[in-house]
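Coordinates as given in input09.cif (mmCIF, C-alpha atoms):
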```cif
data_input
#
loop_
_atom_site.label_atom_id
_atom_site.label_comp_id
_atom_site.auth_asym_id
_atom_site.auth_seq_id
_atom_site.Cartn_x
_atom_site.Cartn_y
_atom_site.Cartn_z
CA ALA A 1 -47.96 186.95 85.48
CA CYS A 2 -49.21 184.42 88.04
CA ALA A 3 -46.47 185.36 90.51
CA GLU A 4 -47.11 189.05 89.93
CA HIS A 5 -50.81 188.60 90.75
CA LYS A 6 -50.15 186.08 93.54
CA VAL A 7 -52.02 183.28 91.75
CA PRO A 8 -50.91 179.86 93.03
CA VAL A 9 -49.50 177.54 90.38
CA HIS A 10 -49.38 173.75 90.60
CA ARG A 11 -47.08 172.06 88.09
CA SER A 12 -48.61 168.65 87.38
CA LYS A 13 -46.31 165.70 86.78
CA LYS A 14 -46.52 162.00 86.13
CA GLY A 15 -48.37 160.25 88.95
CA ASP A 16 -50.82 163.04 89.80
CA THR A 17 -54.49 161.95 89.73
CA TRP A 18 -57.89 163.56 90.16
CA THR A 19 -61.37 162.17 90.58
CA LEU A 20 -64.04 163.73 88.40
CA GLY A 21 -67.51 162.41 89.18
CA ASN A 22 -67.35 158.70 88.39
CA GLY A 23 -64.20 159.23 86.34
CA ARG A 24 -60.53 159.52 87.01
CA ILE A 25 -57.86 161.65 85.37
CA GLU A 26 -54.21 160.72 85.65
CA VAL A 27 -51.07 162.52 84.54
CA LEU A 28 -48.83 160.24 82.48
CA HIS A 29 -46.24 162.81 81.34
CA PRO A 30 -43.94 164.69 81.87
CA PRO A 31 -41.77 162.48 84.03
CA LEU A 32 -41.11 163.60 87.58
CA ASN A 33 -37.39 163.95 87.04
CA SER A 34 -37.01 165.67 83.68
CA PRO A 35 -39.53 168.38 82.76
CA GLU A 36 -36.75 170.97 82.47
CA THR A 37 -34.82 168.89 79.91
CA LEU A 38 -37.72 168.59 77.50
CA ASP A 39 -38.54 171.20 74.88
CA GLU A 40 -41.93 172.88 74.96
CA ASN A 41 -43.76 170.25 72.87
CA ASN A 42 -42.14 167.15 74.38
CA GLY A 43 -42.79 168.55 77.83
CA SER A 44 -46.54 168.67 77.12
CA LEU A 45 -48.86 167.55 79.87
CA VAL A 46 -50.34 164.17 78.91
CA LEU A 47 -53.59 163.16 80.59
CA ARG A 48 -55.58 159.93 80.47
CA ALA A 49 -59.22 160.17 81.45
CA GLN A 50 -61.11 157.03 82.46
CA PHE A 51 -64.91 156.99 82.53
CA ASP A 52 -66.60 153.65 83.17
CA THR A 53 -64.57 151.29 80.99
CA VAL A 54 -63.61 153.90 78.37
CA SER A 55 -60.24 155.65 78.42
CA ILE A 56 -59.18 158.75 76.47
CA LEU A 57 -55.58 159.91 76.03
CA PHE A 58 -54.85 163.63 75.66
CA PRO A 59 -51.15 163.87 74.67
CA GLY A 60 -50.90 167.59 73.92
CA ASP A 61 -48.20 168.40 71.39
CA ILE A 62 -45.71 165.67 72.25
CA GLU A 63 -43.44 164.66 69.42
CA ALA A 64 -41.37 161.52 68.81
CA LYS A 65 -39.06 162.09 71.81
CA GLY A 66 -41.98 162.58 74.24
CA GLU A 67 -43.87 159.67 72.69
CA ALA A 68 -40.86 157.39 73.27
CA GLN A 69 -40.80 158.36 76.95
CA LEU A 70 -44.56 157.92 77.29
CA ALA A 71 -44.51 154.53 75.55
CA GLN A 72 -42.33 153.17 78.37
CA THR A 73 -45.39 153.20 80.64
CA ASP A 74 -48.94 151.94 80.24
CA CYS A 75 -50.50 154.52 77.95
CA THR A 76 -53.26 152.41 76.41
CA ALA A 77 -56.49 154.18 75.57
CA ASP A 78 -59.66 153.52 73.61
CA ILE A 79 -59.65 157.04 72.19
CA LEU A 80 -56.62 159.16 71.30
CA LYS A 81 -56.62 162.88 70.72
CA VAL A 82 -53.95 162.79 67.98
CA PRO A 83 -50.72 164.44 69.18
CA HIS A 84 -49.50 167.68 67.64
CA HIS A 85 -52.47 168.08 65.28
CA GLY A 86 -51.45 165.10 63.13
CA SER A 87 -48.18 166.69 62.06
CA LYS A 88 -45.26 164.58 60.83
CA THR A 89 -43.37 165.02 64.13
CA SER A 90 -45.75 162.77 66.06
CA SER A 91 -47.83 159.57 66.01
CA THR A 92 -44.85 157.27 65.67
CA ALA A 93 -45.55 153.60 64.96
CA ASN A 94 -44.26 152.52 68.40
CA PHE A 95 -46.44 155.09 70.16
CA LEU A 96 -49.55 153.96 68.29
CA LYS A 97 -48.74 150.33 69.07
CA ASN A 98 -48.57 151.14 72.79
CA VAL A 99 -51.70 153.33 72.90
CA ASN A 100 -53.64 150.96 70.61
CA PRO A 101 -56.63 153.31 70.13
CA ARG A 102 -59.91 152.33 68.49
CA LEU A 103 -60.64 155.97 67.60
CA ALA A 104 -58.30 158.89 66.90
CA VAL A 105 -59.52 162.49 66.86
CA VAL A 106 -57.40 165.09 65.04
CA SER A 107 -57.86 168.71 66.10
CA THR A 108 -56.59 170.59 63.06
CA GLY A 109 -57.12 173.24 60.47
CA GLY A 110 -56.11 170.60 57.92
CA GLY A 111 -54.39 171.90 54.80
CA PHE A 112 -55.23 175.42 55.94
CA GLY A 113 -53.73 175.05 59.41
CA LYS A 114 -50.33 176.08 60.73
CA GLU A 115 -49.23 172.44 60.84
CA PRO A 116 -51.15 170.46 58.25
CA VAL A 117 -52.09 166.85 58.86
CA ASP A 118 -49.39 164.59 57.45
CA ASP A 119 -50.52 161.94 54.95
CA GLU A 120 -48.02 159.36 56.28
CA VAL A 121 -49.31 159.89 59.81
CA MET A 122 -52.89 159.31 58.65
CA ALA A 123 -51.71 156.17 56.82
CA ARG A 124 -50.30 154.81 60.10
CA TYR A 125 -53.73 155.13 61.72
CA ARG A 126 -55.48 153.65 58.67
CA ASP A 127 -53.03 150.72 58.51
CA ARG A 128 -53.77 149.92 62.17
CA GLY A 129 -57.52 149.95 61.49
CA THR A 130 -58.04 152.94 63.78
CA ALA A 131 -61.08 155.07 62.96
CA VAL A 132 -60.14 158.74 62.50
CA MET A 133 -62.25 161.87 62.83
CA ARG A 134 -60.79 165.25 61.87
CA THR A 135 -62.10 168.62 62.97
CA ASP A 136 -61.30 170.12 59.55
CA PHE A 137 -63.84 167.71 58.02
CA GLU A 138 -66.24 167.04 60.91
CA GLY A 139 -66.21 170.32 62.82
CA ALA A 140 -66.17 169.87 66.59
CA VAL A 141 -66.11 166.20 67.58
CA ARG A 142 -68.27 165.11 70.52
CA VAL A 143 -67.47 161.86 72.31
CA THR A 144 -69.85 160.54 74.95
CA THR A 145 -69.81 157.33 76.94
CA ASP A 146 -72.55 155.48 78.74
CA ARG A 147 -71.71 152.27 80.60
CA GLY A 148 -68.86 151.49 78.22
CA THR A 149 -70.70 152.41 75.02
CA ILE A 150 -68.92 155.11 73.01
CA THR A 151 -70.89 157.53 70.84
CA VAL A 152 -69.03 159.86 68.49
CA GLU A 153 -70.59 162.68 66.52
CA GLY A 154 -69.16 165.42 64.34
CA GLU A 155 -70.80 168.82 64.64
CA ARG A 156 -71.27 169.11 60.87
CA ASP A 157 -73.40 165.94 60.91
CA ALA A 158 -75.31 167.07 64.00
CA ARG A 159 -76.22 170.33 62.25
CA VAL A 160 -76.59 168.72 58.82
CA TYR A 161 -73.85 170.92 57.36
CA PRO A 162 -71.87 169.78 54.34
CA ARG A 163 -68.37 168.54 55.00
CA PRO A 164 -65.62 170.50 53.26
CA ARG A 165 -63.06 168.48 51.34
CA LEU A 166 -59.62 169.75 50.48
CA ASP A 167 -58.87 169.22 46.80
CA LEU A 168 -55.11 168.80 46.80
CA ALA A 169 -54.95 168.68 42.99
CA GLU A 170 -56.23 172.26 42.80
CA SER A 171 -53.72 173.54 45.34
CA ALA A 172 -50.69 171.65 43.99
CA PRO A 173 -47.78 173.91 42.98
CA GLY A 174 -47.42 174.52 39.26
CA GLN A 175 -51.02 173.65 38.37
#
```
Take the structure in the file and give it back as structure tokens.
Amino acid sequence: ACAEHKVPVHRSKKGDTWTLGNGRIEVLHPPLNSPETLDENNGSLVLRAQFDTVSILFPGDIEAKGEAQLAQTDCTADILKVPHHGSKTSSTANFLKNVNPRLAVVSTGGGFGKEPVDDEVMARYRDRGTAVMRTDFEGAVRVTTDRGTITVEGERDARVYPRPRLDLAESAPGQ
């Protein structure tokens, strides 16, 4: 469609950077030499944004294969947007060790989503001591930084809405 309408397209790759106000955005993935060999998810664009002393990693839908490639470079970040909506195909132990986030944000429909959050994946974050916020519980998650101080707020709290909780016992098969 872009070619048909003569819209220029720039395919970003590892090494590209942009300045955004006092921040910087860098492309960490896909590698320069292999975007064609990766499937759609593992070829996801991975960005790291740096504002003041706070870094945020946006890994798209990368899965274990893409995470292994990404973990070969410096991919540390204070905040991680959880890859692939917290599904079982992502958030490998080695990837989490290399990113070493203090906060993880899961964008998901939870048990009602197309790819529900995997309990083992959430356990990996919990076992590392990483704080987790989920959009299915918190609503939209707002992260702000000011001179290195991170403030995180869920939209449900901001609007004083109740948080829904998924009762797995009620939805278990055969009950």
Within 8 Å of Ala49 (chain A), counting only C-alpha atoms, which residues qualify if same-chain residues fewer than 5 places away don't, as a PDB file with C-alpha atoms, in the frame of the given file?
```
ATOM      1  CA  GLY A  23     -64.200 159.230  86.340  1.00  0.00           C
ATOM      2  CA  ARG A  24     -60.530 159.520  87.010  1.00  0.00           C
ATOM      3  CA  ILE A  25     -57.860 161.650  85.370  1.00  0.00           C
ATOM      4  CA  GLU A  26     -54.210 160.720  85.650  1.00  0.00           C
ATOM      5  CA  SER A  55     -60.240 155.650  78.420  1.00  0.00           C
ATOM      6  CA  ILE A  56     -59.180 158.750  76.470  1.00  0.00           C
ATOM      7  CA  LEU A  57     -55.580 159.910  76.030  1.00  0.00           C
TER       8      LEU A  57
END
```
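The closest residue to Thr135 (chain A), picked from A:Val54, A:Cys75, A:Leu47, A:Val105 and counting all atoms listed in the file, is A:Val105.
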The PyMOL selection byres ((chain A and resi 129) around 12) applied to the shown file, residues as a list in words: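 Written out, the selection comes to Leu96, Lys97, Asn100, Pro101, Arg102, Leu103, Ala104, Met122, Ala123, Arg124, Tyr125, Arg126, Asp127, Arg128, Thr130, Ala131 and Val132 of chain A.
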Would you kindly return, as JSON, numbers by chain, each protein, DNA or RNA residue with an atom no farther than 12 Å from any atom of region 66-68 of chain A, considering only C-alpha atoms and excluding same-chain residues fewer than 2 positions away? {"A": [28, 29, 30, 31, 34, 35, 37, 38, 39, 40, 41, 42, 43, 44, 45, 46, 59, 60, 61, 62, 63, 64, 70, 71, 72, 73, 74, 75, 82, 83, 84, 89, 90, 91, 92, 93, 94, 95, 96, 97, 98, 99]}
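Distances from A:Arg134, A:Val141, A:Lys13, A:Lys88 to Val121 (chain A) were compared using only C-alpha atoms, and the smallest one belongs to A:Lys88.
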Kindly give the distance, in Å, that separates CA of Arg156 (chain A) and CA of Thr76 (chain A), rounded to a single decimal.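 Separating CA of Arg156 (chain A) from CA of Thr76 (chain A) is a distance of 29.1 Å.
A straight line drawn from CA of His5 (chain A) to CA of Leu32 (chain A) is 27.0 Å long.
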How far is it from CA of His85 (chain A) to CA of Pro116 (chain A), in Å with one decimal?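 A separation of 7.5 Å between them.
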Could you spell out the hits of the PyMOL selection byres ((chain A and resi 22) around 10) on the shown file, as a CSV table (one decimal) with C-alpha atoms, in the coordinates of the input?
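Writing done, so here's result.csv:
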```csv
chain,number,residue,atom,x,y,z
A,19,THR,CA,-61.4,162.2,90.6
A,20,LEU,CA,-64.0,163.7,88.4
A,21,GLY,CA,-67.5,162.4,89.2
A,23,GLY,CA,-64.2,159.2,86.3
A,24,ARG,CA,-60.5,159.5,87.0
A,50,GLN,CA,-61.1,157.0,82.5
A,51,PHE,CA,-64.9,157.0,82.5
A,52,ASP,CA,-66.6,153.6,83.2
```
Across A:Arg147, A:Lys81, A:Tyr161, A:Val152, the smallest distance to Thr53 (chain A), with all atoms listed in the file counted, is shown by A:Arg147
Could you tell me which of A:Asp16, A:Asp78, A:Glu138, A:Glu120 comes closest to Asp157 (chain A) if we count all atoms listed in the file?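 Counting all atoms listed in the file, the residue closest to Asp157 (chain A) is A:Glu138.
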